[in-house]
Amino acid sequence: MTTVPLRSVVPPYLLRAIADAPADAFPRATPAARTALASLGAVAAPKREARLGVQHTAAAPDRSPQRSVFDAHGTTTLPGTLVRREGSTDTGDAAVDEAYAGLGATHAFWLDVFDRVSIDGAGLPLVASVHYGSDYDNAYWDGTQMVFGDGDGEVFRRFTIALDVIGHELAHGVTQYTADLTYQGQSGALNESVSDVFGSLVAQYTAGQTAEQATWLIGEGLFTPAVHGVALRSMKAPGTAYDDPVLGKDPQPATMADYLDTTEDSGGVHTNSGIPNHAFYLAATAIGGKAWEGAGAVWWDALTSPQVSASIDFAGFARVTVSAAEARFGAGSPQASAIGDAWRTVGVLS
């Protein structure tokens with residue numbers, strides 16, 4: 001059986017910092033982080049035809065969202081008990097209702113902005129399980145469904161609270177069905193960055209924000225007040241999302257000058273993603289307006305371009321985005337210039 005690394009929103013370096021914290025610092029979060037770290041193994045890879053986006057049926061897909069939310073009841077058995085299905089009313093369980101709303105907002109973004117019916121483009125039902133594990137400190141896409149932990153209450157709140165996290169994890173599914181970027185090294189960092197990009201755009205689109213109005217934070221609101229930090233990551237200023245005496249400082253680089261060469265975390269996929277993240281932020285704010293209409297549209301064109309191989313590196317992806325911007329907006333256009341300038345600013349293009 002082929003396996004792939006779990007696509008989770010909390011990076012292993014942050015979980016490790018919590019797991020290694022003094023016993024009296026976070027007595028509940030420390031064992032929870034150890035459990036979350038142990039769960040970051042590989043999962044069964046989706047079937048190849050699914051990754052390549054083969055249609056499920058010759059008939060046109062149902063364009064409405066098909067959501068199912070399950071309650072794992074604190075166990076790790078998936079999916080759990082079905083507690084909310086498409087069209088049903090609020091349950092009063094915050095995690096269930098936030099997951100349901102987040103799945104719907106993400107579906108609406110992809111349909112309204114890119115005319116993509118669900119994450120596979122063919123109406124794939126959206127499944128989520130909440131209340132996973134005991135104090136589970138993560139959310140992830142396992143290749144078939146979303147999984148949300150409740151957090152430990154000391155470092156992390158429940159993971160359904162942040163819409164961009166839901167958008168981020170479902171974007172891993174979109175990448176799975178399009179470019180299928182290899183989760184290793186620079187292509188893996190691009191995989192993570194694409195999820196941050198579209199996760200942020202889902203939140204911006206839902207809130208009706210322009211690029212100038214957005215915070216460009218990923219996972220804002222996940223930390224409890226005990227943590228000196230505002231989010232898991234910052235696309236605007238990588239390396240500044242948190243600086244805590246126990247958890248340490250956000251290690252993401254903003255430019256290639258600080259690129260981390262490591263064998264951990266599949267080659268630093270959650271760390272080095274700060275570089276393409278910052279390039280997107282620079283491009284989106286230079287273009288201005290609604291980011292999903294400018295840089296976001298170009299990133300989508302690139303992700304679905306035959307020029308993007310599964311193992312593409314930063315420079316290769318950057319060149320495809322510049323070509324995509326020229327094709328969409330015209331050679332020498334302000335949009336194409338902004339995107340080229342952004343990649344040069346972060347040191348990916350010379």
# chains A, B, ... in the order shown; residues from 1 in each chain; ligands from 1
call {"tool": "select_by_dssp", "arguments": {"residues": "segment 177-343 of chain A", "states": "alpha helix (DSSP H)", "output": "JSON, numbers by chain"}}
result
{"A": [177, 185, 186, 187, 188, 189, 190, 191, 192, 193, 194, 195, 196, 197, 198, 199, 200, 201, 202, 203, 204, 205, 206, 207, 265, 266, 267, 268, 269, 270, 271, 272, 274, 275, 276, 277, 278, 279, 280, 281, 282, 283, 284, 285, 286, 287, 295, 296, 297, 298, 299, 300, 301, 302, 303, 314, 315, 316, 317, 318, 319, 320, 321, 322, 323, 324, 325, 326, 327, 328, 329, 334, 335, 336, 337, 338, 339, 340, 341, 342, 343]}
call {"tool": "residues_around", "arguments": {"residues": "segment 263-276 of chain A", "least_positions_apart": "5", "cutoff": "9 Å", "atoms": "only C-alpha atoms", "output": "ChimeraX atom specification"}}
result
/A:5,9-13,183-194,196,233-235,237-239,250-256,258,281,314,318,343,346-348
call {"tool": "write_last_selection", "arguments": {"atoms": "N, CA and C atoms", "output": "short mmCIF file (atom, residue, chain, number, x, y, z; two decimals), in the first residue's frame"}}
result
data_model
loop_
_atom_site.label_atom_id
_atom_site.label_comp_id
_atom_site.auth_asym_id
_atom_site.auth_seq_id
_atom_site.Cartn_x
_atom_site.Cartn_y
_atom_site.Cartn_z
N PRO A 5 2.44 11.53 3.54
CA PRO A 5 2.43 12.21 4.82
C PRO A 5 1.09 12.89 5.07
N VAL A 9 -2.43 21.22 9.63
CA VAL A 9 -2.22 22.66 9.63
C VAL A 9 -1.18 23.11 10.65
N VAL A 10 -1.08 22.40 11.79
CA VAL A 10 -0.07 22.76 12.79
C VAL A 10 1.22 22.04 12.44
N PRO A 11 2.30 22.78 12.25
CA PRO A 11 3.57 22.15 11.85
C PRO A 11 4.18 21.34 12.99
N PRO A 12 4.93 20.31 12.65
CA PRO A 12 5.53 19.48 13.70
C PRO A 12 6.50 20.24 14.58
N TYR A 13 7.18 21.27 14.06
CA TYR A 13 8.12 22.00 14.92
C TYR A 13 7.40 22.72 16.05
N TYR A 183 4.91 16.03 -1.72
CA TYR A 183 5.02 16.60 -0.38
C TYR A 183 6.44 16.39 0.17
N GLN A 184 7.39 17.06 -0.46
CA GLN A 184 8.79 16.94 -0.06
C GLN A 184 9.55 18.13 -0.62
N GLY A 185 10.41 18.73 0.22
CA GLY A 185 11.27 19.80 -0.26
C GLY A 185 10.48 21.00 -0.79
N GLN A 186 10.97 21.60 -1.88
CA GLN A 186 10.34 22.82 -2.39
C GLN A 186 8.95 22.57 -2.96
N SER A 187 8.74 21.44 -3.61
CA SER A 187 7.39 21.16 -4.11
C SER A 187 6.43 20.96 -2.94
N GLY A 188 6.92 20.37 -1.85
CA GLY A 188 6.10 20.21 -0.66
C GLY A 188 5.80 21.54 0.01
N ALA A 189 6.79 22.44 0.04
CA ALA A 189 6.56 23.78 0.58
C ALA A 189 5.56 24.54 -0.29
N LEU A 190 5.61 24.34 -1.60
CA LEU A 190 4.62 24.93 -2.49
C LEU A 190 3.24 24.35 -2.20
N ASN A 191 3.18 23.04 -1.92
CA ASN A 191 1.92 22.40 -1.56
C ASN A 191 1.31 23.09 -0.34
N GLU A 192 2.13 23.30 0.69
CA GLU A 192 1.66 23.99 1.89
C GLU A 192 1.29 25.44 1.60
N SER A 193 2.10 26.11 0.79
CA SER A 193 1.85 27.51 0.48
C SER A 193 0.55 27.69 -0.31
N VAL A 194 0.31 26.81 -1.28
CA VAL A 194 -0.93 26.87 -2.05
C VAL A 194 -2.13 26.75 -1.11
N ASP A 196 -2.17 27.65 2.10
CA ASP A 196 -2.27 28.92 2.83
C ASP A 196 -2.88 30.00 1.94
N ARG A 233 0.88 31.34 11.24
CA ARG A 233 1.78 31.88 10.21
C ARG A 233 1.28 33.25 9.78
N SER A 234 2.20 34.05 9.23
CA SER A 234 1.85 35.33 8.64
C SER A 234 2.40 35.37 7.22
N MET A 235 1.51 35.59 6.24
CA MET A 235 1.95 35.73 4.86
C MET A 235 2.53 37.12 4.62
N ALA A 237 4.21 38.94 6.91
CA ALA A 237 5.52 39.05 7.55
C ALA A 237 5.90 37.70 8.14
N PRO A 238 6.32 36.74 7.30
CA PRO A 238 6.71 35.43 7.83
C PRO A 238 7.76 35.56 8.93
N GLY A 239 7.60 34.78 9.98
CA GLY A 239 8.54 34.83 11.10
C GLY A 239 8.05 35.68 12.26
N ASP A 250 8.32 32.05 15.78
CA ASP A 250 7.93 31.61 14.45
C ASP A 250 9.17 31.53 13.56
N PRO A 251 9.51 30.33 13.00
CA PRO A 251 10.76 30.17 12.26
C PRO A 251 10.65 30.40 10.75
N GLN A 252 9.49 30.81 10.26
CA GLN A 252 9.34 30.91 8.80
C GLN A 252 10.21 32.00 8.21
N PRO A 253 10.92 31.70 7.11
CA PRO A 253 11.66 32.73 6.39
C PRO A 253 10.76 33.46 5.41
N ALA A 254 11.12 34.71 5.10
CA ALA A 254 10.37 35.49 4.11
C ALA A 254 11.07 35.50 2.76
N THR A 255 12.37 35.19 2.77
CA THR A 255 13.14 35.22 1.52
C THR A 255 14.08 34.02 1.44
N MET A 256 14.63 33.79 0.26
CA MET A 256 15.54 32.67 0.05
C MET A 256 16.83 32.82 0.84
N ASP A 258 17.11 33.14 3.86
CA ASP A 258 16.96 32.40 5.11
C ASP A 258 16.33 31.03 4.89
N TYR A 281 1.64 37.37 -1.11
CA TYR A 281 1.18 38.57 -0.42
C TYR A 281 1.66 39.83 -1.15
N PHE A 314 10.59 26.12 -6.49
CA PHE A 314 10.10 27.50 -6.37
C PHE A 314 10.28 28.27 -7.67
N ALA A 318 7.45 29.85 -10.00
CA ALA A 318 7.43 31.31 -10.18
C ALA A 318 7.35 31.66 -11.67
N TRP A 343 8.37 37.76 -6.85
CA TRP A 343 9.28 36.63 -6.81
C TRP A 343 10.74 37.09 -6.75
N VAL A 346 11.57 38.20 -3.03
CA VAL A 346 11.84 37.11 -2.08
C VAL A 346 13.05 36.27 -2.50
N GLY A 347 13.70 36.64 -3.60
CA GLY A 347 14.93 35.98 -4.00
C GLY A 347 14.77 34.69 -4.78
N VAL A 348 13.57 34.40 -5.25
CA VAL A 348 13.35 33.16 -6.03
C VAL A 348 13.77 33.36 -7.48
#
call {"tool": "closest_residue", "arguments": {"among": "A:Arg85, A:His107, A:Arg328, A:His73", "to": "Gly149 of chain A", "atoms": "only C-alpha atoms"}}
result
A:His73
call {"tool": "select_by_dssp", "arguments": {"residues": "segment 73-233 of chain A", "states": "strand (DSSP E)", "output": "tab-separated table (two decimals) with N, CA, C and O atoms, in the first residue's frame"}}
result
chain	number	residue	atom	x	y	z
A	81	THR	N	-20.12	9.36	14.27
A	81	THR	CA	-21.57	9.36	14.14
A	81	THR	C	-22.02	10.57	13.33
A	81	THR	O	-21.63	11.70	13.63
A	82	LEU	N	-22.84	10.34	12.32
A	82	LEU	CA	-23.36	11.45	11.51
A	82	LEU	C	-24.27	12.32	12.38
A	82	LEU	O	-25.23	11.84	12.96
A	83	VAL	N	-23.94	13.62	12.47
A	83	VAL	CA	-24.73	14.52	13.31
A	83	VAL	C	-25.32	15.70	12.54
A	83	VAL	O	-26.23	16.38	13.03
A	84	ARG	N	-24.82	15.96	11.34
A	84	ARG	CA	-25.41	17.00	10.51
A	84	ARG	C	-25.18	16.70	9.05
A	84	ARG	O	-24.05	16.43	8.63
A	85	ARG	N	-26.23	16.73	8.27
A	85	ARG	CA	-26.13	16.48	6.84
A	85	ARG	C	-26.58	17.72	6.07
A	85	ARG	O	-27.14	18.65	6.66
A	126	LEU	N	-18.40	16.60	0.66
A	126	LEU	CA	-17.45	17.12	1.64
A	126	LEU	C	-17.78	16.52	3.00
A	126	LEU	O	-18.88	16.72	3.53
A	127	VAL	N	-16.82	15.80	3.56
A	127	VAL	CA	-17.01	15.07	4.81
A	127	VAL	C	-16.05	15.62	5.85
A	127	VAL	O	-14.87	15.86	5.57
A	128	ALA	N	-16.55	15.81	7.05
A	128	ALA	CA	-15.71	16.26	8.15
A	128	ALA	C	-16.07	15.52	9.42
A	128	ALA	O	-17.24	15.19	9.66
A	129	SER	N	-15.06	15.25	10.24
A	129	SER	CA	-15.27	14.69	11.57
A	129	SER	C	-14.74	15.67	12.60
A	129	SER	O	-13.63	16.19	12.46
A	130	VAL	N	-15.54	15.95	13.63
A	130	VAL	CA	-15.14	16.85	14.70
A	130	VAL	C	-15.01	16.06	16.00
A	130	VAL	O	-15.34	14.88	16.05
A	131	HIS	N	-14.49	16.73	17.03
A	131	HIS	CA	-14.27	16.10	18.34
A	131	HIS	C	-13.42	14.84	18.17
A	131	HIS	O	-13.68	13.79	18.78
A	132	TYR	N	-12.37	14.98	17.37
A	132	TYR	CA	-11.47	13.85	17.11
A	132	TYR	C	-10.44	13.76	18.23
A	132	TYR	O	-9.77	14.74	18.58
A	139	ALA	N	-5.71	19.89	12.85
A	139	ALA	CA	-6.75	19.62	11.86
A	139	ALA	C	-6.02	19.12	10.64
A	139	ALA	O	-4.90	19.57	10.34
A	140	TYR	N	-6.62	18.17	9.93
A	140	TYR	CA	-5.91	17.66	8.75
A	140	TYR	C	-6.87	17.13	7.70
A	140	TYR	O	-8.05	16.85	7.95
A	141	TRP	N	-6.32	17.03	6.48
A	141	TRP	CA	-6.99	16.40	5.34
A	141	TRP	C	-6.29	15.06	5.13
A	141	TRP	O	-5.06	15.01	4.99
A	146	MET	N	-12.01	15.74	6.02
A	146	MET	CA	-11.44	16.65	7.01
A	146	MET	C	-11.57	16.05	8.40
A	146	MET	O	-12.55	15.37	8.70
A	147	VAL	N	-10.59	16.35	9.24
A	147	VAL	CA	-10.60	15.91	10.64
A	147	VAL	C	-10.22	17.10	11.52
A	147	VAL	O	-9.22	17.78	11.24
A	148	PHE	N	-11.00	17.35	12.57
A	148	PHE	CA	-10.75	18.48	13.45
A	148	PHE	C	-10.64	18.02	14.90
A	148	PHE	O	-11.50	17.30	15.41
A	149	GLY	N	-9.57	18.47	15.56
A	149	GLY	CA	-9.44	18.27	16.99
A	149	GLY	C	-10.07	19.42	17.74
A	149	GLY	O	-10.34	20.49	17.17
A	217	LEU	N	-3.08	36.48	7.97
A	217	LEU	CA	-2.68	35.54	9.02
A	217	LEU	C	-3.35	34.20	8.78
A	217	LEU	O	-4.50	34.14	8.35
A	218	ILE	N	-2.65	33.13	9.07
A	218	ILE	CA	-3.18	31.77	8.93
A	218	ILE	C	-3.37	31.19	10.33
A	218	ILE	O	-2.43	31.07	11.10
A	233	ARG	N	0.88	31.34	11.24
A	233	ARG	CA	1.78	31.88	10.21
A	233	ARG	C	1.28	33.25	9.78
A	233	ARG	O	0.08	33.55	9.88
call {"tool": "residues_around", "arguments": {"residues": "Ala94 of chain A", "least_positions_apart": "5", "cutoff": "9 Å", "atoms": "only C-alpha atoms", "output": "list in words"}}
result
Ala99, Thr160 and Ile161 of chain A
call {"tool": "decode", "arguments": {"residues": "segment 87-111 of chain A", "atoms": "N, CA and C atoms", "output": "PDB file, in the first residue's frame"}}
result
ATOM      1  N   GLY A  87     -28.366  20.569   4.368  1.00  0.00           N
ATOM      2  CA  GLY A  87     -29.704  21.122   4.484  1.00  0.00           C
ATOM      3  C   GLY A  87     -30.294  21.102   5.870  1.00  0.00           C
ATOM      4  N   SER A  88     -29.646  20.426   6.816  1.00  0.00           N
ATOM      5  CA  SER A  88     -30.188  20.369   8.174  1.00  0.00           C
ATOM      6  C   SER A  88     -29.816  21.633   8.948  1.00  0.00           C
ATOM      7  N   THR A  89     -30.502  21.877  10.048  1.00  0.00           N
ATOM      8  CA  THR A  89     -30.325  23.107  10.815  1.00  0.00           C
ATOM      9  C   THR A  89     -29.182  22.978  11.828  1.00  0.00           C
ATOM     10  N   ASP A  90     -28.838  24.117  12.423  1.00  0.00           N
ATOM     11  CA  ASP A  90     -27.777  24.142  13.430  1.00  0.00           C
ATOM     12  C   ASP A  90     -28.061  23.142  14.547  1.00  0.00           C
ATOM     13  N   THR A  91     -26.998  22.556  15.043  1.00  0.00           N
ATOM     14  CA  THR A  91     -27.134  21.551  16.103  1.00  0.00           C
ATOM     15  C   THR A  91     -26.951  22.144  17.494  1.00  0.00           C
ATOM     16  N   GLY A  92     -26.312  23.321  17.572  1.00  0.00           N
ATOM     17  CA  GLY A  92     -25.974  23.886  18.866  1.00  0.00           C
ATOM     18  C   GLY A  92     -24.593  23.489  19.331  1.00  0.00           C
ATOM     19  N   ASP A  93     -23.969  22.536  18.633  1.00  0.00           N
ATOM     20  CA  ASP A  93     -22.585  22.144  18.902  1.00  0.00           C
ATOM     21  C   ASP A  93     -21.704  23.032  18.028  1.00  0.00           C
ATOM     22  N   ALA A  94     -20.915  23.900  18.662  1.00  0.00           N
ATOM     23  CA  ALA A  94     -20.140  24.895  17.918  1.00  0.00           C
ATOM     24  C   ALA A  94     -19.217  24.254  16.887  1.00  0.00           C
ATOM     25  N   ALA A  95     -18.544  23.183  17.253  1.00  0.00           N
ATOM     26  CA  ALA A  95     -17.601  22.548  16.326  1.00  0.00           C
ATOM     27  C   ALA A  95     -18.330  21.978  15.111  1.00  0.00           C
ATOM     28  N   VAL A  96     -19.465  21.334  15.357  1.00  0.00           N
ATOM     29  CA  VAL A  96     -20.250  20.764  14.254  1.00  0.00           C
ATOM     30  C   VAL A  96     -20.714  21.865  13.309  1.00  0.00           C
ATOM     31  N   ASP A  97     -21.263  22.933  13.867  1.00  0.00           N
ATOM     32  CA  ASP A  97     -21.846  23.983  13.040  1.00  0.00           C
ATOM     33  C   ASP A  97     -20.778  24.823  12.349  1.00  0.00           C
ATOM     34  N   GLU A  98     -19.632  25.033  12.993  1.00  0.00           N
ATOM     35  CA  GLU A  98     -18.526  25.736  12.341  1.00  0.00           C
ATOM     36  C   GLU A  98     -17.954  24.914  11.194  1.00  0.00           C
ATOM     37  N   ALA A  99     -17.824  23.620  11.397  1.00  0.00           N
ATOM     38  CA  ALA A  99     -17.324  22.762  10.322  1.00  0.00           C
ATOM     39  C   ALA A  99     -18.279  22.784   9.131  1.00  0.00           C
ATOM     40  N   TYR A 100     -19.567  22.677   9.418  1.00  0.00           N
ATOM     41  CA  TYR A 100     -20.585  22.691   8.362  1.00  0.00           C
ATOM     42  C   TYR A 100     -20.525  24.007   7.582  1.00  0.00           C
ATOM     43  N   ALA A 101     -20.465  25.125   8.307  1.00  0.00           N
ATOM     44  CA  ALA A 101     -20.409  26.437   7.654  1.00  0.00           C
ATOM     45  C   ALA A 101     -19.112  26.612   6.870  1.00  0.00           C
ATOM     46  N   GLY A 102     -17.999  26.132   7.434  1.00  0.00           N
ATOM     47  CA  GLY A 102     -16.716  26.257   6.750  1.00  0.00           C
ATOM     48  C   GLY A 102     -16.646  25.448   5.472  1.00  0.00           C
ATOM     49  N   LEU A 103     -17.211  24.252   5.501  1.00  0.00           N
ATOM     50  CA  LEU A 103     -17.272  23.444   4.279  1.00  0.00           C
ATOM     51  C   LEU A 103     -18.095  24.169   3.216  1.00  0.00           C
ATOM     52  N   GLY A 104     -19.200  24.767   3.642  1.00  0.00           N
ATOM     53  CA  GLY A 104     -20.054  25.485   2.704  1.00  0.00           C
ATOM     54  C   GLY A 104     -19.380  26.717   2.133  1.00  0.00           C
ATOM     55  N   ALA A 105     -18.677  27.477   2.972  1.00  0.00           N
ATOM     56  CA  ALA A 105     -17.989  28.681   2.511  1.00  0.00           C
ATOM     57  C   ALA A 105     -16.876  28.323   1.524  1.00  0.00           C
ATOM     58  N   THR A 106     -16.174  27.234   1.797  1.00  0.00           N
ATOM     59  CA  THR A 106     -15.105  26.812   0.899  1.00  0.00           C
ATOM     60  C   THR A 106     -15.679  26.343  -0.438  1.00  0.00           C
ATOM     61  N   HIS A 107     -16.760  25.573  -0.382  1.00  0.00           N
ATOM     62  CA  HIS A 107     -17.417  25.126  -1.614  1.00  0.00           C
ATOM     63  C   HIS A 107     -17.869  26.331  -2.435  1.00  0.00           C
ATOM     64  N   ALA A 108     -18.460  27.345  -1.765  1.00  0.00           N
ATOM     65  CA  ALA A 108     -18.946  28.535  -2.456  1.00  0.00           C
ATOM     66  C   ALA A 108     -17.797  29.293  -3.105  1.00  0.00           C
ATOM     67  N   PHE A 109     -16.667  29.396  -2.433  1.00  0.00           N
ATOM     68  CA  PHE A 109     -15.509  30.081  -3.006  1.00  0.00           C
ATOM     69  C   PHE A 109     -15.074  29.430  -4.313  1.00  0.00           C
ATOM     70  N   TRP A 110     -14.849  28.129  -4.286  1.00  0.00           N
ATOM     71  CA  TRP A 110     -14.348  27.445  -5.479  1.00  0.00           C
ATOM     72  C   TRP A 110     -15.368  27.486  -6.617  1.00  0.00           C
ATOM     73  N   LEU A 111     -16.646  27.390  -6.282  1.00  0.00           N
ATOM     74  CA  LEU A 111     -17.675  27.422  -7.315  1.00  0.00           C
ATOM     75  C   LEU A 111     -17.846  28.824  -7.893  1.00  0.00           C
TER      76      LEU A 111
END
